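Enquirer: Please find target_30.txt (compact mmCIF, N, CA and C atoms and all ligand atoms) on the next line:
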# COMPACT_ATOMS: atom_id res chain seq x y z
N MET J 1 127.39 12.78 -69.58
CA MET J 1 126.16 13.28 -68.93
C MET J 1 125.73 14.58 -69.59
N ILE J 2 124.49 14.63 -69.94
CA ILE J 2 123.97 15.85 -70.57
C ILE J 2 123.00 16.56 -69.63
N THR J 3 123.29 17.81 -69.38
CA THR J 3 122.39 18.60 -68.53
C THR J 3 121.51 19.47 -69.41
N GLU J 4 120.22 19.20 -69.41
CA GLU J 4 119.32 19.99 -70.24
C GLU J 4 118.80 21.20 -69.48
N LEU J 5 118.71 22.31 -70.19
CA LEU J 5 118.15 23.51 -69.57
C LEU J 5 116.64 23.49 -69.75
N ALA J 6 115.94 23.74 -68.68
CA ALA J 6 114.49 23.77 -68.77
C ALA J 6 114.05 24.97 -69.60
N PRO J 7 113.11 24.77 -70.52
CA PRO J 7 112.63 25.89 -71.33
C PRO J 7 111.92 26.92 -70.47
N LEU J 8 112.17 28.19 -70.77
CA LEU J 8 111.53 29.24 -69.99
C LEU J 8 110.11 29.48 -70.49
N PRO J 9 109.20 29.73 -69.58
CA PRO J 9 107.84 30.12 -69.99
C PRO J 9 107.89 31.42 -70.77
N ALA J 10 106.96 31.61 -71.67
CA ALA J 10 106.97 32.77 -72.54
C ALA J 10 106.82 34.07 -71.77
N SER J 11 106.24 34.00 -70.58
CA SER J 11 105.98 35.22 -69.82
C SER J 11 107.19 35.68 -69.02
N VAL J 12 108.23 34.86 -69.02
CA VAL J 12 109.42 35.22 -68.24
C VAL J 12 110.45 35.90 -69.14
N PRO J 13 111.02 37.00 -68.69
CA PRO J 13 112.06 37.69 -69.47
C PRO J 13 113.24 36.78 -69.74
N GLU J 14 114.14 37.22 -70.64
CA GLU J 14 115.25 36.38 -71.04
C GLU J 14 116.26 36.15 -69.92
N THR J 15 116.17 36.96 -68.87
CA THR J 15 117.08 36.79 -67.76
C THR J 15 116.31 36.34 -66.53
N ASP J 16 117.04 35.90 -65.53
CA ASP J 16 116.36 35.46 -64.30
C ASP J 16 116.38 36.57 -63.25
N VAL J 17 116.61 37.79 -63.71
CA VAL J 17 116.63 38.92 -62.79
C VAL J 17 115.21 39.24 -62.34
N THR J 18 115.06 39.44 -61.06
CA THR J 18 113.76 39.80 -60.52
C THR J 18 113.51 41.29 -60.69
N VAL J 19 112.43 41.62 -61.35
CA VAL J 19 112.11 43.02 -61.58
C VAL J 19 111.29 43.58 -60.43
N CYS J 20 111.64 44.78 -60.04
CA CYS J 20 110.93 45.45 -58.96
C CYS J 20 109.45 45.63 -59.31
N PRO J 21 108.55 45.43 -58.36
CA PRO J 21 107.12 45.59 -58.63
C PRO J 21 106.72 47.05 -58.81
N ALA J 22 107.59 47.96 -58.44
CA ALA J 22 107.25 49.38 -58.47
C ALA J 22 107.93 50.14 -59.60
N CYS J 23 108.93 49.56 -60.22
CA CYS J 23 109.64 50.24 -61.29
C CYS J 23 110.23 49.19 -62.23
N PRO J 24 110.65 49.62 -63.42
CA PRO J 24 111.15 48.66 -64.41
C PRO J 24 112.58 48.21 -64.17
N HIS J 25 113.13 48.51 -63.02
CA HIS J 25 114.51 48.12 -62.75
C HIS J 25 114.58 46.80 -61.98
N ALA J 26 115.72 46.14 -62.08
CA ALA J 26 115.92 44.91 -61.33
C ALA J 26 116.07 45.23 -59.85
N THR J 27 115.48 44.40 -59.02
CA THR J 27 115.57 44.66 -57.58
C THR J 27 117.01 44.62 -57.11
N ALA J 28 117.83 43.84 -57.79
CA ALA J 28 119.24 43.73 -57.40
C ALA J 28 120.00 45.02 -57.65
N SER J 29 119.45 45.89 -58.51
CA SER J 29 120.13 47.14 -58.83
C SER J 29 119.77 48.25 -57.86
N HIS J 30 118.87 47.95 -56.93
CA HIS J 30 118.44 48.97 -55.98
C HIS J 30 119.42 49.09 -54.82
N ASP J 31 119.62 50.33 -54.41
CA ASP J 31 120.37 50.50 -53.18
C ASP J 31 119.35 50.53 -52.03
N ALA J 32 119.82 50.75 -50.82
CA ALA J 32 118.92 50.69 -49.67
C ALA J 32 117.78 51.70 -49.78
N ILE J 33 118.12 52.90 -50.24
CA ILE J 33 117.10 53.94 -50.36
C ILE J 33 116.07 53.58 -51.42
N ALA J 34 116.55 53.12 -52.57
CA ALA J 34 115.64 52.76 -53.65
C ALA J 34 114.75 51.59 -53.26
N THR J 35 115.31 50.65 -52.53
CA THR J 35 114.52 49.50 -52.10
C THR J 35 113.37 49.95 -51.21
N ARG J 36 113.66 50.83 -50.27
CA ARG J 36 112.62 51.33 -49.38
C ARG J 36 111.62 52.18 -50.13
N PHE J 37 112.12 52.99 -51.04
CA PHE J 37 111.25 53.88 -51.81
C PHE J 37 110.30 53.07 -52.67
N CYS J 38 110.83 52.06 -53.36
CA CYS J 38 110.00 51.25 -54.23
C CYS J 38 109.02 50.41 -53.41
N ALA J 39 109.42 49.98 -52.23
CA ALA J 39 108.50 49.22 -51.39
C ALA J 39 107.31 50.09 -51.02
N ALA J 40 107.58 51.35 -50.73
CA ALA J 40 106.50 52.28 -50.40
C ALA J 40 105.63 52.53 -51.63
N THR J 41 106.27 52.67 -52.78
CA THR J 41 105.53 52.89 -54.01
C THR J 41 104.63 51.70 -54.33
N ALA J 42 105.16 50.51 -54.17
CA ALA J 42 104.41 49.30 -54.49
C ALA J 42 103.22 49.14 -53.56
N SER J 43 103.33 49.65 -52.34
CA SER J 43 102.24 49.52 -51.38
C SER J 43 101.22 50.65 -51.54
N GLY J 44 101.48 51.56 -52.48
CA GLY J 44 100.50 52.61 -52.76
C GLY J 44 100.70 53.87 -51.96
N VAL J 45 101.77 53.94 -51.19
CA VAL J 45 102.01 55.12 -50.38
C VAL J 45 102.50 56.28 -51.24
N LEU J 46 103.37 55.96 -52.17
CA LEU J 46 103.95 57.00 -53.01
C LEU J 46 103.72 56.69 -54.49
N HIS J 47 103.65 57.74 -55.28
CA HIS J 47 103.47 57.57 -56.72
C HIS J 47 104.39 58.54 -57.44
N ARG J 48 105.65 58.40 -57.21
CA ARG J 48 106.60 59.33 -57.80
C ARG J 48 107.66 58.60 -58.61
N GLY J 49 107.32 57.48 -59.17
CA GLY J 49 108.31 56.77 -59.95
C GLY J 49 109.31 56.10 -59.03
N CYS J 50 110.58 56.23 -59.31
CA CYS J 50 111.57 55.61 -58.48
C CYS J 50 112.77 56.52 -58.32
N VAL J 51 113.64 56.16 -57.42
CA VAL J 51 114.82 56.98 -57.17
C VAL J 51 116.09 56.24 -57.55
N CYS J 52 115.96 55.29 -58.44
CA CYS J 52 117.11 54.55 -58.88
C CYS J 52 118.11 55.49 -59.55
N THR J 53 119.38 55.18 -59.41
CA THR J 53 120.42 56.06 -59.92
C THR J 53 120.71 55.82 -61.40
N ARG J 54 120.03 54.88 -62.00
CA ARG J 54 120.27 54.62 -63.41
C ARG J 54 118.96 54.58 -64.18
ZN ZN E 101 112.23 49.72 -57.87
ZN ZN E 102 113.75 51.98 -60.36
Turn the structure described in the file into structure tokens.

Expert:
Amino acid sequence: MITELAPLPASVPETDVTVCPACPHATASHDAIATRFCAATASGVLHRGCVCTR
């Protein structure tokens, strides 16, 4: 049995990591504070970048 991998669309990064809409970091890398901060940033409340630790 051969399992073929579906080709990725050109617009999708090489990984399946979901990128935060408010910063260039992966949402999975956010802690609770960063998640809330970026959510506020994405909604237009704040414009101070992000508070990610990396
Ligand atoms: Zn973020
Ligand atoms: Zn970030």

Enquirer: Chain J near ligand ZN 102 (chain E) within 5 Å: what's each residue's closest atom pair and its distance in Å to one decimal, counting only N, CA and C atoms and all ligand atoms, ordered by chain then ascending residue number, as CSV?

Expert:
residue,atom,partner,partner_atom,distance
J:Cys23,CA,E:ZN102,ZN,4.6
J:Pro24,N,E:ZN102,ZN,5.0
J:His25,N,E:ZN102,ZN,4.4
J:Cys50,CA,E:ZN102,ZN,4.6
J:Cys52,N,E:ZN102,ZN,4.4

Enquirer: Only N, CA and C atoms, please: the residues just picked out, written as an mmCIF file, in the frame of the given file.

Expert:
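out15.cif, freshly written:
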data_model
loop_
_atom_site.group_PDB
_atom_site.id
_atom_site.type_symbol
_atom_site.label_atom_id
_atom_site.label_comp_id
_atom_site.auth_asym_id
_atom_site.auth_seq_id
_atom_site.Cartn_x
_atom_site.Cartn_y
_atom_site.Cartn_z
ATOM 1 N N CYS J 23 108.930 49.560 -60.220
ATOM 2 C CA CYS J 23 109.640 50.240 -61.290
ATOM 3 C C CYS J 23 110.230 49.190 -62.230
ATOM 4 N N PRO J 24 110.650 49.620 -63.420
ATOM 5 C CA PRO J 24 111.150 48.660 -64.410
ATOM 6 C C PRO J 24 112.580 48.210 -64.170
ATOM 7 N N HIS J 25 113.130 48.510 -63.020
ATOM 8 C CA HIS J 25 114.510 48.120 -62.750
ATOM 9 C C HIS J 25 114.580 46.800 -61.980
ATOM 10 N N CYS J 50 110.580 56.230 -59.310
ATOM 11 C CA CYS J 50 111.570 55.610 -58.480
ATOM 12 C C CYS J 50 112.770 56.520 -58.320
ATOM 13 N N CYS J 52 115.960 55.290 -58.440
ATOM 14 C CA CYS J 52 117.110 54.550 -58.880
ATOM 15 C C CYS J 52 118.110 55.490 -59.550
#

Enquirer: Using only C-alpha atoms and all ligand atoms, find each residue with an atom at most 10 Å away from ligand ZN 101 (chain E) and format the answer as a PDB file with N, CA and C atoms, keeping the file's coordinate frame.

Expert:
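And here's out_7.pdb as it stands now:
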ATOM      1  N   VAL J  19     112.430  41.620 -61.350  1.00  0.00           N
ATOM      2  CA  VAL J  19     112.110  43.020 -61.580  1.00  0.00           C
ATOM      3  C   VAL J  19     111.290  43.580 -60.430  1.00  0.00           C
ATOM      4  N   CYS J  20     111.640  44.780 -60.040  1.00  0.00           N
ATOM      5  CA  CYS J  20     110.930  45.450 -58.960  1.00  0.00           C
ATOM      6  C   CYS J  20     109.450  45.630 -59.310  1.00  0.00           C
ATOM      7  N   PRO J  21     108.550  45.430 -58.360  1.00  0.00           N
ATOM      8  CA  PRO J  21     107.120  45.590 -58.630  1.00  0.00           C
ATOM      9  C   PRO J  21     106.720  47.050 -58.810  1.00  0.00           C
ATOM     10  N   ALA J  22     107.590  47.960 -58.440  1.00  0.00           N
ATOM     11  CA  ALA J  22     107.250  49.380 -58.470  1.00  0.00           C
ATOM     12  C   ALA J  22     107.930  50.140 -59.600  1.00  0.00           C
ATOM     13  N   CYS J  23     108.930  49.560 -60.220  1.00  0.00           N
ATOM     14  CA  CYS J  23     109.640  50.240 -61.290  1.00  0.00           C
ATOM     15  C   CYS J  23     110.230  49.190 -62.230  1.00  0.00           C
ATOM     16  N   PRO J  24     110.650  49.620 -63.420  1.00  0.00           N
ATOM     17  CA  PRO J  24     111.150  48.660 -64.410  1.00  0.00           C
ATOM     18  C   PRO J  24     112.580  48.210 -64.170  1.00  0.00           C
ATOM     19  N   HIS J  25     113.130  48.510 -63.020  1.00  0.00           N
ATOM     20  CA  HIS J  25     114.510  48.120 -62.750  1.00  0.00           C
ATOM     21  C   HIS J  25     114.580  46.800 -61.980  1.00  0.00           C
ATOM     22  N   ALA J  26     115.720  46.140 -62.080  1.00  0.00           N
ATOM     23  CA  ALA J  26     115.920  44.910 -61.330  1.00  0.00           C
ATOM     24  C   ALA J  26     116.070  45.230 -59.850  1.00  0.00           C
ATOM     25  N   THR J  27     115.480  44.400 -59.020  1.00  0.00           N
ATOM     26  CA  THR J  27     115.570  44.660 -57.580  1.00  0.00           C
ATOM     27  C   THR J  27     117.010  44.620 -57.110  1.00  0.00           C
ATOM     28  N   ALA J  28     117.830  43.840 -57.790  1.00  0.00           N
ATOM     29  CA  ALA J  28     119.240  43.730 -57.400  1.00  0.00           C
ATOM     30  C   ALA J  28     120.000  45.020 -57.650  1.00  0.00           C
ATOM     31  N   SER J  29     119.450  45.890 -58.510  1.00  0.00           N
ATOM     32  CA  SER J  29     120.130  47.140 -58.830  1.00  0.00           C
ATOM     33  C   SER J  29     119.770  48.250 -57.860  1.00  0.00           C
ATOM     34  N   HIS J  30     118.870  47.950 -56.930  1.00  0.00           N
ATOM     35  CA  HIS J  30     118.440  48.970 -55.980  1.00  0.00           C
ATOM     36  C   HIS J  30     119.420  49.090 -54.820  1.00  0.00           C
ATOM     37  N   ASP J  31     119.620  50.330 -54.410  1.00  0.00           N
ATOM     38  CA  ASP J  31     120.370  50.500 -53.180  1.00  0.00           C
ATOM     39  C   ASP J  31     119.350  50.530 -52.030  1.00  0.00           C
ATOM     40  N   ILE J  33     118.120  52.900 -50.240  1.00  0.00           N
ATOM     41  CA  ILE J  33     117.100  53.940 -50.360  1.00  0.00           C
ATOM     42  C   ILE J  33     116.070  53.580 -51.420  1.00  0.00           C
ATOM     43  N   ALA J  34     116.550  53.120 -52.570  1.00  0.00           N
ATOM     44  CA  ALA J  34     115.640  52.760 -53.650  1.00  0.00           C
ATOM     45  C   ALA J  34     114.750  51.590 -53.260  1.00  0.00           C
ATOM     46  N   THR J  35     115.310  50.650 -52.530  1.00  0.00           N
ATOM     47  CA  THR J  35     114.520  49.500 -52.100  1.00  0.00           C
ATOM     48  C   THR J  35     113.370  49.950 -51.210  1.00  0.00           C
ATOM     49  N   ARG J  36     113.660  50.830 -50.270  1.00  0.00           N
ATOM     50  CA  ARG J  36     112.620  51.330 -49.380  1.00  0.00           C
ATOM     51  C   ARG J  36     111.620  52.180 -50.130  1.00  0.00           C
ATOM     52  N   PHE J  37     112.120  52.990 -51.040  1.00  0.00           N
ATOM     53  CA  PHE J  37     111.250  53.880 -51.810  1.00  0.00           C
ATOM     54  C   PHE J  37     110.300  53.070 -52.670  1.00  0.00           C
ATOM     55  N   CYS J  38     110.830  52.060 -53.360  1.00  0.00           N
ATOM     56  CA  CYS J  38     110.000  51.250 -54.230  1.00  0.00           C
ATOM     57  C   CYS J  38     109.020  50.410 -53.410  1.00  0.00           C
ATOM     58  N   ALA J  39     109.420  49.980 -52.230  1.00  0.00           N
ATOM     59  CA  ALA J  39     108.500  49.220 -51.390  1.00  0.00           C
ATOM     60  C   ALA J  39     107.310  50.090 -51.020  1.00  0.00           C
ATOM     61  N   ALA J  40     107.580  51.350 -50.730  1.00  0.00           N
ATOM     62  CA  ALA J  40     106.500  52.280 -50.400  1.00  0.00           C
ATOM     63  C   ALA J  40     105.630  52.530 -51.630  1.00  0.00           C
ATOM     64  N   THR J  41     106.270  52.670 -52.780  1.00  0.00           N
ATOM     65  CA  THR J  41     105.530  52.890 -54.010  1.00  0.00           C
ATOM     66  C   THR J  41     104.630  51.700 -54.330  1.00  0.00           C
ATOM     67  N   ALA J  42     105.160  50.510 -54.170  1.00  0.00           N
ATOM     68  CA  ALA J  42     104.410  49.300 -54.490  1.00  0.00           C
ATOM     69  C   ALA J  42     103.220  49.140 -53.560  1.00  0.00           C
ATOM     70  N   GLY J  49     107.320  57.480 -59.170  1.00  0.00           N
ATOM     71  CA  GLY J  49     108.310  56.770 -59.950  1.00  0.00           C
ATOM     72  C   GLY J  49     109.310  56.100 -59.030  1.00  0.00           C
ATOM     73  N   CYS J  50     110.580  56.230 -59.310  1.00  0.00           N
ATOM     74  CA  CYS J  50     111.570  55.610 -58.480  1.00  0.00           C
ATOM     75  C   CYS J  50     112.770  56.520 -58.320  1.00  0.00           C
ATOM     76  N   VAL J  51     113.640  56.160 -57.420  1.00  0.00           N
ATOM     77  CA  VAL J  51     114.820  56.980 -57.170  1.00  0.00           C
ATOM     78  C   VAL J  51     116.090  56.240 -57.550  1.00  0.00           C
ATOM     79  N   CYS J  52     115.960  55.290 -58.440  1.00  0.00           N
ATOM     80  CA  CYS J  52     117.110  54.550 -58.880  1.00  0.00           C
ATOM     81  C   CYS J  52     118.110  55.490 -59.550  1.00  0.00           C
TER      82      CYS J  52
END

Enquirer: When you draw a straight line from atom C of Leu5 in chain J to atom N of Val17 in chain J, how long is it in Å?

Expert: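 Interatomic distance, atom C of Leu5 in chain J to atom N of Val17 in chain J: 15.5 Å.
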